[in-house]
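Worksheet: the structure to be examined is printed underneath.
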Protein chains: 4
Amino acid sequence: MIIVMRKNATVKETGAVLKKIEELGYKPHISSGEERTIIGVVGDDRRVPMDQVFEPMEGVERTIPVLQPFKLASKEFRPSSTVVKVGNVAIGGDEVVVMAGPCAVESEEQLLAIARIVKEAGAKVLRGGAFKPRTSPYSFQGMGSRGLELLALARKETGLPVVTEVMAASDIELVASFTDIIQVGARNMQNFSLLAELGKCHQPVLLKRGMMNTLEELLMSAEYILSNGNQQVILCERGIRTFEKYTRNTLDITAVPLVKQLSHLPIIVDPSHATGKWDLVSAASRAAVAAGADGLIIEVHPQPDQALSDGPQSLKPERFLSLMKDLQKVAAAIGKKM
Amino acid sequence: MIIVMRKNATVKETGAVLKKIEELGYKPHISSGEERTIIGVVGDDRRVPMDQVFEPMEGVERTIPVLQPFKLASKEFRPSSTVVKVGNVAIGGDEVVVMAGPCAVESEEQLLAIARIVKEAGAKVLRGGAFKPRTSPYSFQGMGSRGLELLALARKETGLPVVTEVMAASDIELVASFTDIIQVGARNMQNFSLLAELGKCHQPVLLKRGMMNTLEELLMSAEYILSNGNQQVILCERGIRTFEKYTRNTLDITAVPLVKQLSHLPIIVDPSHATGKWDLVSAASRAAVAAGADGLIIEVHPQPDQALSDGPQSLKPERFLSLMKDLQKVAAAIGKKM
Amino acid sequence: MIIVMRKNATVKETGAVLKKIEELGYKPHISSGEERTIIGVVGDDRRVPMDQVFEPMEGVERTIPVLQPFKLASKEFRPSSTVVKVGNVAIGGDEVVVMAGPCAVESEEQLLAIARIVKEAGAKVLRGGAFKPRTSPYSFQGMGSRGLELLALARKETGLPVVTEVMAASDIELVASFTDIIQVGARNMQNFSLLAELGKCHQPVLLKRGMMNTLEELLMSAEYILSNGNQQVILCERGIRTFEKYTRNTLDITAVPLVKQLSHLPIIVDPSHATGKWDLVSAASRAAVAAGADGLIIEVHPQPDQALSDGPQSLKPERFLSLMKDLQKVAAAIGKKM
Amino acid sequence: MIIVMRKNATVKETGAVLKKIEELGYKPHISSGEERTIIGVVGDDRRVPMDQVFEPMEGVERTIPVLQPFKLASKEFRPSSTVVKVGNVAIGGDEVVVMAGPCAVESEEQLLAIARIVKEAGAKVLRGGAFKPRTSPYSFQGMGSRGLELLALARKETGLPVVTEVMAASDIELVASFTDIIQVGARNMQNFSLLAELGKCHQPVLLKRGMMNTLEELLMSAEYILSNGNQQVILCERGIRTFEKYTRNTLDITAVPLVKQLSHLPIIVDPSHATGKWDLVSAASRAAVAAGADGLIIEVHPQPDQALSDGPQSLKPERFLSLMKDLQKVAAAIGKKM
């Protein structure tokens with residue numbers, strides 16, 4: 001970390017900062033410029049929240065972190081890519097993996113029908129919500145444990161592994177017993193109690209980026225899971241909140257290559273939530289694959305206007321099929337399988 | 001709700017929309033403009049997520065909500081202001097209530113010392129974190145249940161009611177048994193499982209606005225608590241995330257009068273988190289009182305550089321005392337007590 | 001437009017609104033719901049700023065626009081795509097057009113060297129700044145008219161048409177005399193005086209989206225140029241400002257398919273400014289082509305650390321060459337030429 | 001500036017960076033940590049855009065500026081507050097100065113009527129737009145030079161100095177000849193050609209913050225004016241663009257104390273544009289005064305629904321009068337005159 005002293009910092013103030021650095025077990029490194037004194041703190045300063053120690057001290061203008069705050073999630077810690085395996089499916093390797101299905105599980109018929117369709121089209125994982133986080137308490141909140149049973153049934157019928165969201169720590173065990181990948185929704189990205197508990201379970205976790213969280217924060221949330229013992233984390237970019245009004249969110253496509261630079265974890269893209277409009281899903285999906293995403297998670301529904309949730313952003317089967325064909329070409333163009 | 005048809009929508013498409021409206025038990029109201037056909041849906045359309053039903057239909061360009069999605073939280077539902085009472089303290093009336101204390105409970109000595117200081121200065125509620133949501137898994141996570149015991153002790157010593165954060169539904173009962181107001185942190189504003197559980201308890205809830213959330217979403221989260229049975233909700237504006245880099249967040253001061261227009265619930269301001277810098281807390285606090293806030297929640301620490309959390313934004317006791325005097329003058333200027 | 005009356009609006013207030021609508025020459029269309037009266041205004045309401053007329057009236061809660069505010073720029077006005085032709089180059093057709101060159105023109109040697117390199121690699125237009133908008137008055141402001149002469153020289157040498165920025169209305173004639181496409185920078189997207197003047201000239205205009213502007217505003221700025229008589233407008237997405245800190249801006253990739261839905265104008269992407277980092281330019285470029293962009297504008301510099309401007313986001317020649325090969329494959333995968 | 005080398009930077013790469021630092025006339029200062037080598041650059045590095053020189057070099061991870069990029073605008077350069085004098089009015093001293101008037105000059109009757117009203121209520125400067133920047137080319141664009149004549153007439157009648165916006169460099173002389181303070185609108189905050197020209201004129205400039213510009217950028221734009229010779233700059237916070245939808249913009253109230261810390265220039269607040277709704281203007285104005293603003297600029301119109309521009313955010317005369325009385329109390333409460 002670097003500590004920038006104020007222009008008019010006194011010798012006494014600077015001395016107090018140096019003393020504190022040594023008390024904490026670090027070595028200070030002073031550099032006196034024309035206008036400012038700058039103090040480098042040598043040593044791994046991630047152990048203590050250094051900014052919170054030094055910023056309140058008299059004479060300190062600000063502190064500047066040098067190291068990234070995440071460690072286990074970093075590329076430096078683990079230079080080779082993590083590949084998360086779920087049955088026969090490998091996420092983070094040289095194949096683009098598509099997860100698809102309805103926003104919410106609504107009935108056995110609906111789920112099985114969609115599961116067969118997306119498998120046919122080439123999807124490798126079935127998605128479907130049993131517990132639905134909804135802005136309004138009056139909206140459909142999901143089928144709960146009955147939904148989980150249906151997901152397990154669809155898995156049995158189709159052979160597709162299943163990803164579904166968990167909203168409460170108390171449901172982790174239940175969800176884990178029925179499904180293959182446990183999803184943390186965008187609104188729970190910084191639900192640290194939930195993350196810590198997921199770190200203790202043995203199933204892959206799909207961690208969605210919060211709609212107003214930085215990539216650094218996403219990687220810090222992954223760090224919660226990793227540092228609690230679970231190394232199977234898949235990150236997901238699903239759009240961030242901006243001032244633009246035509247789309248539900250703004251897909252931050254550059255998150256894909258950035259995460260690849262910063263971390264060894266796989267990253268997939270959710271074009272359905274990122275755009276909020278089915279007629280933008282295809283273009284967003286192609287862009288994600290071209291940018292190097294390890295996979296996609298797409299909402300598909302045979303009758304979007306009958307969907308109990310997220311109809312406007314769900315693709316009809318025929319459009320999904322056509323999209324999958326397009327994506328295979330784009331994947332091939334950048335040297336990936338699909 | 002209003003449904004705007006595309007310019008080239010066919011008679012068949014428009015017919016399907018009209019039929020669907022009637023199926024759902026509403027009355028359609030058609031208005032044919034020069035360029036577009038617009039269909040009004042008459043009836044309380046909050047029962048079903050209408051946008052999700054109609055937007056996927058062929059020929060529909062978009063839907064426009066007319067009614068606000070929150071009901072119990074709205075001023076229309078309850079025109080008179082809600083006053084939340086905690087012991088002798090009334091939040092939402094004609095008095096500006098200041099809650100103050102350390103970011104985190106660190107020790108008996110620390111907490112009691114600060115509790116006496118803030119009481120002396122005129123604070124009416126003691127704040128202090130026992131469970132701390134931290135971005136990094138390596139940062140101090142709070143004292144947990146021991147922290148709650150210390151808060152109860154400080155309450156006994158000073159007579160000040162206590163507000164503290166709960167991070168997990170499984171801790172609600174524990175936290176409720178030791179404290180007076182239960183806080184939902186910004187990162188949990190849309191942790192709907194937690195909100196629903198808090199709706200079933202009998203203690204006042206301090207609901208902080210998420211850094212990424214609109215005021216409509218804040219009121220919808222309050223609606224979760226209200227609709228589950230708990231009417232004692234205090235809202236808190238604590239800064240939102242923007243592109244500005246000098247401050248930790250951007251205090252949305254206009255949230256105060258807006259919430260007063262839209263809702264009957266009290267709203268307080270957290271100038272410490274909103275700015276992230278102690279030397280901006282005073283100006284932000286004065287602004288909040290002048291804008292009509294029902295109260296403030298301020299971080300105070302005798303030695304900010306020793307604080308285990310949020311040192312940079314904590315006020316020293318003498319500054320807090322001086323601020324309280326300034327705030328009394330501002331409160332008086334707008335006809336409020338303090 | 002739709003006017004939503006307040007719940008408690010009086011008959012007199014509603015009457016005044018109806019009267020005003022008729023005064024302005026429109027037909028009102030009343031719909032009385034359970035909670036609100038809604039008044040539709042039938043007729044093309046883009047002639048007057050209706051929200052500004054009705055929102056201040058007593059009893060009015062809010063107004064909701066139904067029609068898009070842009071007309072000449074809209075797909076409805078002109079369903080077939082506009083193709084902008086510059087010499088042999090057609091922008092907006094079935095070919096992906098790459099514009100490349102240095103951020104700033106620095107010298108004859110530098111410009112000619114880069115011009116030859118980018119032509120060799122397959123770029124069809126040469127970019128280079130002569131007038132540079134810089135945040136700091138102390139930064140290099142560009143070579144001015146000497147830079148324009150060098151651009152004209154490079155055009156003569158290579159045959160590549162040239163695009164360069166104009167910053168002041170008084171320079172339009174000068175810039176037009178030396179170059180082929182006139183660029184409006186992001187910071188001038190709402191410099192309406194400049195836009196109106198460009199509408200009167202006869203050269204294609206490359207209009208960059210402001211970092212703070214919605215797509216609706218971008219199309220309204222295009223409308224300024226179109227309505228003043230110049231139909232040759234190329235739009236450019238170059239990243240918007242968000243809270244994310246790793247990148248200079250956030251590339252709004254969905255802007256590409258959205259503009260294609262809303263407008264007939266071509267849209268290209270600037271991956272250099274959108275990311276601010278050369279090692280993200282390739283992924284962003286591939287994504288842009290896959291999303292359907294009509295072209296790209298990329299900064300290339302043989303020695304980025306010697307560049308007088310934007311070195312960190314400039315590609316070295318060998319990387320640009322390699323990128324062009326990748327892009328050709330992606331273009332082919334989606335059925336486009338390059 | 002500080003240069004952070006990559007973890008695996010080679011000796012050769014580090015050597016090249018050191019050599020470049022010395023070539024530019026600075027002294028390097030090396031600090032080798034456990035994971036990174038950090039190089040401090042000693043000397044005033046504002047002369048060259050150092051980040052652009054070093055970030056493209058091999059082995060460099062990133063650069064971190066230490067000094068603020070603005071100089072003449074900084075508090076360090078000039079510790080005492082700048083007071084801008086316009087006739088008898090002093091902006092930046094111990095008095096809160098209110099500027100008020102219509103959004104746009106519409107007619108002699110309208111302007112004179114409002115001018116008398118706002119003077120009566122205690123405003124010290126008359127505002128009114130003659131050249132109006134409008135998002136739509138079809139909206140009223142202002143009366144132009146006839147508007148300027150009317151402003152001069154109103155000044156003569158009431159004795160109030162006048163502030164109005166200039167949109168083009170070619171109009172500066174004309175505007176200066178009729179008015180007292182020249183306003184730069186938010187959309188032109190980074191119209192550097194215009195700023196440079198205003199630096200050469202001899203009239204006070206009211207510089208509005210762009211809706212998506214940082215305070216650092218605002219101060220850099222002020223630096224353009226100051227460094228060109230004009231020291232009379234008044235800054236104006238007018239709301240920034242965020243994701244919140246209820247208000248037109250989000251008033252960044254903390255900008256007031258922050259600018260006071262960073263700069264010697266006066267700062268005023270525009271509550272009309274910041275909120276976009278007349279019923280929020282009063283609360284926002286009180287907050288601004290309580291936060292320490294040097295003044296306010298408020299839109300007033302006797303018949304907002306007849307206004308040709310910005311009706312929804314204009315105060316009626318009686319509300320303005322009532323607000324002025326409230327503001328006097330708040331100003332007194334914080335020890336200021338009004």
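In the structure tokens, each chain is lettered A, B, ... as it comes, each chain's residues begin at 1, and ligands are numbered from 1 in order of appearance.
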Find the residues in chain A near chain B: any atom within 6 Å counts, using only C-alpha atoms. Write them as a short mmCIF file (atom, residue, chain, number, x, y, z; two decimals) with C-alpha atoms, in the first residue's frame.
data_model
loop_
_atom_site.label_atom_id
_atom_site.label_comp_id
_atom_site.auth_asym_id
_atom_site.auth_seq_id
_atom_site.Cartn_x
_atom_site.Cartn_y
_atom_site.Cartn_z
CA GLN A 52 -9.01 2.05 7.49
CA VAL A 53 -6.01 2.26 9.76
CA GLU A 55 -6.78 7.26 6.43
CA PRO A 56 -8.07 8.60 9.75
CA MET A 57 -4.57 9.59 10.91
CA SER A 136 -42.56 -7.51 -5.41
CA PRO A 137 -43.93 -9.62 -2.56
CA ARG A 187 -29.07 -9.53 -5.47
CA GLN A 190 -22.81 -9.72 -1.30
CA MET A 212 -24.03 -2.54 -9.37
CA MET A 220 -13.94 -10.79 -3.57
CA TYR A 224 -15.48 -15.87 0.26
CA PRO A 304 -43.35 -16.45 -23.23
CA ASP A 305 -46.71 -14.72 -22.71
CA ASP A 310 -39.40 -13.06 -17.24
CA GLY A 311 -41.52 -13.69 -20.30
CA PRO A 312 -40.26 -10.60 -22.13
#
>> Can you pull out the residues contacting stretch 245-261 of chain A? Cut-off 6 Å, using only C-alpha atoms, and skip same-chain residues under 5 positions away; I want them as number ranges by chain.
In response: A: 239-240, 274-276, 293
If you keep all heavy atoms, can you produce a file of those selected residues as a CSV table (one decimal), in the first residue's frame?
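Saved the output as result.csv:
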chain,number,residue,atom,x,y,z
A,239,GLY,N,-25.1,-8.2,-16.7
A,239,GLY,CA,-25.5,-6.9,-17.0
A,239,GLY,C,-25.5,-6.0,-15.7
A,239,GLY,O,-25.8,-6.5,-14.6
A,240,ILE,N,-25.1,-4.8,-15.9
A,240,ILE,CA,-25.0,-3.9,-14.8
A,240,ILE,C,-26.0,-2.7,-15.0
A,240,ILE,O,-26.5,-2.5,-16.1
A,240,ILE,CB,-23.6,-3.3,-14.6
A,240,ILE,CG1,-23.1,-2.7,-15.8
A,240,ILE,CG2,-22.7,-4.5,-14.1
A,240,ILE,CD1,-21.7,-2.0,-15.6
A,274,ALA,N,-29.2,-9.6,-18.9
A,274,ALA,CA,-28.4,-8.4,-19.3
A,274,ALA,C,-29.2,-7.5,-20.2
A,274,ALA,O,-29.0,-6.3,-20.1
A,274,ALA,CB,-27.1,-8.9,-20.0
A,275,THR,N,-30.1,-8.0,-21.1
A,275,THR,CA,-30.8,-7.1,-22.0
A,275,THR,C,-32.2,-6.9,-21.6
A,275,THR,O,-32.8,-5.9,-21.7
A,275,THR,CB,-30.8,-7.7,-23.4
A,275,THR,OG1,-31.5,-9.0,-23.4
A,275,THR,CG2,-29.4,-8.0,-23.9
A,276,GLY,N,-32.9,-8.0,-21.1
A,276,GLY,CA,-34.3,-7.9,-20.7
A,276,GLY,C,-35.2,-8.0,-21.9
A,276,GLY,O,-36.4,-7.9,-21.7
A,293,ALA,N,-16.3,-15.9,-23.8
A,293,ALA,CA,-17.0,-16.5,-22.6
A,293,ALA,C,-17.0,-18.0,-22.6
A,293,ALA,O,-17.0,-18.6,-23.7
A,293,ALA,CB,-18.5,-16.0,-22.6
>> Using only C-alpha atoms for the distances, tell me which of B:Val89, B:Ala284, B:Val84, B:Met1 is nearest to B:Gly43.
In response: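 Answer, going by the shortest atom-to-atom distance: B:Met1.
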> Could you pull out the helix (DSSP H, G or I) residues of stretch 247-336 of chain B from DSSP and send them as a VMD selection string?
Replying inline: chain B and resid 255 to 262 271 to 275 278 to 291 304 to 306 311 to 313 317 to 333
> To one decimal place, how far is atom CA of C:Val125 from atom CA of C:Asn88 in Å?
Replying inline: 10.3 Å
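DSSP on the backbone gives strand (DSSP E) for these parts of stretch 159-253 of chain B: Val162, Val163, Thr164, Glu165, Ile181, Ile182, Gln183, Val184, Val205, Leu206, Leu207, Lys208, Val233, Ile234, Leu235, Cys236 and Glu237 of chain B.
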Output for the residues just chosen: all heavy atoms as a tab-separated table (two decimals), in the first residue's frame:
chain	number	residue	atom	x	y	z
B	162	VAL	N	-31.03	0.47	21.29
B	162	VAL	CA	-29.90	0.03	20.48
B	162	VAL	C	-30.36	-0.43	19.10
B	162	VAL	O	-31.39	-1.10	18.97
B	162	VAL	CB	-29.19	-1.12	21.23
B	162	VAL	CG1	-28.35	-1.95	20.29
B	162	VAL	CG2	-28.33	-0.57	22.36
B	163	VAL	N	-29.59	-0.06	18.06
B	163	VAL	CA	-29.85	-0.57	16.71
B	163	VAL	C	-28.62	-1.33	16.24
B	163	VAL	O	-27.49	-0.87	16.41
B	163	VAL	CB	-30.21	0.57	15.72
B	163	VAL	CG1	-29.12	1.64	15.64
B	163	VAL	CG2	-30.49	0.02	14.33
B	164	THR	N	-28.84	-2.51	15.66
B	164	THR	CA	-27.72	-3.30	15.15
B	164	THR	C	-28.19	-4.11	13.95
B	164	THR	O	-29.39	-4.34	13.78
B	164	THR	CB	-27.13	-4.21	16.24
B	164	THR	OG1	-25.78	-4.55	15.89
B	164	THR	CG2	-27.93	-5.50	16.42
B	165	GLU	N	-27.23	-4.55	13.16
B	165	GLU	CA	-27.55	-5.23	11.90
B	165	GLU	C	-27.72	-6.73	12.07
B	165	GLU	O	-27.00	-7.36	12.85
B	165	GLU	CB	-26.44	-4.96	10.88
B	165	GLU	CG	-26.67	-5.65	9.55
B	165	GLU	CD	-25.81	-5.11	8.42
B	165	GLU	OE1	-25.15	-4.07	8.60
B	165	GLU	OE2	-25.81	-5.73	7.34
B	181	ILE	N	-33.85	-2.05	17.65
B	181	ILE	CA	-34.16	-1.85	16.22
B	181	ILE	C	-33.23	-2.78	15.44
B	181	ILE	O	-32.03	-2.82	15.70
B	181	ILE	CB	-33.91	-0.39	15.78
B	181	ILE	CG1	-34.69	0.58	16.67
B	181	ILE	CG2	-34.27	-0.21	14.31
B	181	ILE	CD1	-34.37	2.05	16.38
B	182	ILE	N	-33.79	-3.51	14.50
B	182	ILE	CA	-32.97	-4.44	13.70
B	182	ILE	C	-32.69	-3.81	12.35
B	182	ILE	O	-33.61	-3.40	11.64
B	182	ILE	CB	-33.71	-5.78	13.50
B	182	ILE	CG1	-34.08	-6.38	14.86
B	182	ILE	CG2	-32.83	-6.74	12.72
B	182	ILE	CD1	-34.83	-7.69	14.76
B	183	GLN	N	-31.42	-3.73	12.03
B	183	GLN	CA	-31.02	-3.09	10.79
B	183	GLN	C	-30.81	-4.10	9.67
B	183	GLN	O	-30.22	-5.15	9.89
B	183	GLN	CB	-29.71	-2.32	11.04
B	183	GLN	CG	-29.16	-1.64	9.80
B	183	GLN	CD	-27.87	-0.90	10.10
B	183	GLN	OE1	-27.76	-0.19	11.09
B	183	GLN	NE2	-26.87	-1.07	9.25
B	184	VAL	N	-31.30	-3.76	8.48
B	184	VAL	CA	-30.98	-4.52	7.27
B	184	VAL	C	-29.97	-3.69	6.49
B	184	VAL	O	-30.25	-2.53	6.14
B	184	VAL	CB	-32.23	-4.77	6.41
B	184	VAL	CG1	-31.86	-5.51	5.14
B	184	VAL	CG2	-33.27	-5.54	7.19
B	205	VAL	N	-37.76	-2.23	12.18
B	205	VAL	CA	-36.69	-2.57	11.23
B	205	VAL	C	-36.18	-1.28	10.59
B	205	VAL	O	-36.97	-0.46	10.12
B	205	VAL	CB	-37.22	-3.53	10.14
B	205	VAL	CG1	-36.15	-3.79	9.09
B	205	VAL	CG2	-37.67	-4.85	10.78
B	206	LEU	N	-34.85	-1.13	10.59
B	206	LEU	CA	-34.21	-0.02	9.88
B	206	LEU	C	-33.72	-0.59	8.57
B	206	LEU	O	-32.76	-1.36	8.54
B	206	LEU	CB	-33.04	0.52	10.72
B	206	LEU	CG	-32.22	1.63	10.10
B	206	LEU	CD1	-33.07	2.86	9.83
B	206	LEU	CD2	-31.04	2.01	11.00
B	207	LEU	N	-34.37	-0.19	7.47
B	207	LEU	CA	-34.06	-0.76	6.16
B	207	LEU	C	-33.22	0.20	5.34
B	207	LEU	O	-33.68	1.26	4.93
B	207	LEU	CB	-35.39	-1.06	5.42
B	207	LEU	CG	-35.28	-1.62	4.01
B	207	LEU	CD1	-34.63	-2.99	3.99
B	207	LEU	CD2	-36.68	-1.70	3.38
B	208	LYS	N	-31.96	-0.18	5.11
B	208	LYS	CA	-31.07	0.71	4.35
B	208	LYS	C	-31.24	0.48	2.85
B	208	LYS	O	-31.40	-0.65	2.39
B	208	LYS	CB	-29.62	0.46	4.77
B	208	LYS	CG	-29.37	0.87	6.22
B	208	LYS	CD	-27.91	0.81	6.58
B	208	LYS	CE	-27.39	2.21	6.88
B	208	LYS	NZ	-25.96	2.19	7.24
B	233	VAL	N	-41.38	0.14	10.07
B	233	VAL	CA	-40.22	0.19	9.18
B	233	VAL	C	-39.70	1.61	9.09
B	233	VAL	O	-40.48	2.55	8.89
B	233	VAL	CB	-40.60	-0.34	7.78
B	233	VAL	CG1	-39.42	-0.23	6.82
B	233	VAL	CG2	-41.08	-1.78	7.86
B	234	ILE	N	-38.41	1.76	9.27
B	234	ILE	CA	-37.73	3.06	9.10
B	234	ILE	C	-36.83	2.90	7.88
B	234	ILE	O	-36.02	1.97	7.82
B	234	ILE	CB	-36.87	3.39	10.33
B	234	ILE	CG1	-37.70	3.33	11.61
B	234	ILE	CG2	-36.17	4.73	10.17
B	234	ILE	CD1	-36.85	3.16	12.87
B	235	LEU	N	-36.93	3.81	6.95
B	235	LEU	CA	-36.08	3.75	5.76
B	235	LEU	C	-34.80	4.54	6.00
B	235	LEU	O	-34.79	5.47	6.81
B	235	LEU	CB	-36.83	4.30	4.55
B	235	LEU	CG	-38.18	3.62	4.26
B	235	LEU	CD1	-38.93	4.36	3.16
B	235	LEU	CD2	-37.97	2.16	3.87
B	236	CYS	N	-33.75	4.19	5.28
B	236	CYS	CA	-32.49	4.91	5.45
B	236	CYS	C	-31.78	5.10	4.11
B	236	CYS	O	-31.44	4.13	3.44
B	236	CYS	CB	-31.58	4.14	6.42
B	236	CYS	SG	-30.00	4.96	6.71
B	237	GLU	N	-31.54	6.37	3.77
B	237	GLU	CA	-30.74	6.71	2.58
B	237	GLU	C	-29.28	6.73	3.01
B	237	GLU	O	-28.93	7.44	3.95
B	237	GLU	CB	-31.17	8.09	2.05
B	237	GLU	CG	-30.17	8.81	1.17
B	237	GLU	CD	-29.85	8.09	-0.15
B	237	GLU	OE1	-30.73	7.40	-0.68
B	237	GLU	OE2	-28.69	8.22	-0.61
> Using only C-alpha atoms, which residues sit within 10 Å of D:Glu76 once same-chain residues fewer than 5 positions away are excluded, as a list in words?
Replying inline: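 Near neighbours after the sequence-gap exclusion: Lys7 and Asn8 of chain A; Lys71, Gln261, Leu262, Ser263 and His264 of chain D.
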Keeping N, CA, C and O atoms, export the residues of the selection given above as a PDB file, in the first residue's frame.
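Done, and the output landed in result.pdb:
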ATOM      1  N   LYS A   7       0.152  17.948   1.845  1.00  0.00           N
ATOM      2  CA  LYS A   7       1.251  18.848   1.503  1.00  0.00           C
ATOM      3  C   LYS A   7       1.891  19.426   2.768  1.00  0.00           C
ATOM      4  O   LYS A   7       3.094  19.530   2.891  1.00  0.00           O
ATOM      5  N   ASN A   8       1.049  19.813   3.706  1.00  0.00           N
ATOM      6  CA  ASN A   8       1.535  20.491   4.911  1.00  0.00           C
ATOM      7  C   ASN A   8       1.635  19.555   6.118  1.00  0.00           C
ATOM      8  O   ASN A   8       1.563  19.996   7.257  1.00  0.00           O
TER       9      ASN A   8
ATOM     10  N   LYS D  71      -4.295  22.739 -11.072  1.00  0.00           N
ATOM     11  CA  LYS D  71      -3.296  23.511 -10.340  1.00  0.00           C
ATOM     12  C   LYS D  71      -3.862  24.876  -9.945  1.00  0.00           C
ATOM     13  O   LYS D  71      -4.015  25.167  -8.768  1.00  0.00           O
ATOM     14  N   GLN D 261     -13.148  22.011  -0.183  1.00  0.00           N
ATOM     15  CA  GLN D 261     -11.869  21.463   0.278  1.00  0.00           C
ATOM     16  C   GLN D 261     -10.805  21.512  -0.815  1.00  0.00           C
ATOM     17  O   GLN D 261      -9.639  21.735  -0.549  1.00  0.00           O
ATOM     18  N   LEU D 262     -11.217  21.268  -2.044  1.00  0.00           N
ATOM     19  CA  LEU D 262     -10.257  21.103  -3.130  1.00  0.00           C
ATOM     20  C   LEU D 262      -9.876  22.411  -3.805  1.00  0.00           C
ATOM     21  O   LEU D 262      -8.813  22.523  -4.379  1.00  0.00           O
ATOM     22  N   SER D 263     -10.794  23.386  -3.751  1.00  0.00           N
ATOM     23  CA  SER D 263     -10.614  24.574  -4.581  1.00  0.00           C
ATOM     24  C   SER D 263     -10.956  25.861  -3.841  1.00  0.00           C
ATOM     25  O   SER D 263     -11.647  25.841  -2.820  1.00  0.00           O
ATOM     26  N   HIS D 264     -10.497  26.963  -4.384  1.00  0.00           N
ATOM     27  CA  HIS D 264     -10.810  28.281  -3.832  1.00  0.00           C
ATOM     28  C   HIS D 264     -11.992  28.919  -4.550  1.00  0.00           C
ATOM     29  O   HIS D 264     -12.422  30.014  -4.172  1.00  0.00           O
TER      30      HIS D 264
END
> How far is it from atom CA of D:Leu72 to atom CA of C:Val105, in Å with one decimal?
Replying inline: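 Separation of atom CA of D:Leu72 and atom CA of C:Val105: 29.1 Å.
The coordinates place atom CA of B:Ala115 at 8.1 Å from atom CA of B:Leu160.
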>> Would you pick out the contacts of D:Phe320 at 8 Å or less, using only C-alpha atoms, so that residues sharing its chain but fewer than 6 positions from it are not included, and give the list as a list in words?
In response: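 Using only C-alpha atoms, the neighbours found are Val118, Ala121 and Val300 of chain D.
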>> Give me the residues near B:Val98 as a ChimeraX atom specification, where near means some atom within 9 Å (using only C-alpha atoms) and where sequence neighbours in that chain fewer than 2 positions away do not count.
In response: /B:96,100,122-126,268,294-298,324,338
>> Can you pull out the residues contacting A:Arg36? Cut-off 10 Å, using only C-alpha atoms, and skip same-chain residues under 2 positions away; I want them as a list in words.
In response: Val4, Met5, Arg6, Lys7, Asn8, Ala9, Ser31, Ser32, Gly33, Glu34, Ile38, Ile39 and Glu61 of chain A; Val42, Gly43, Val66 and Leu67 of chain D
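The residue that comes closest to D:Asn230, out of D:Ala333, D:Cys201, D:Leu18, D:Leu215 and on the basis of only C-alpha atoms, is D:Cys201.
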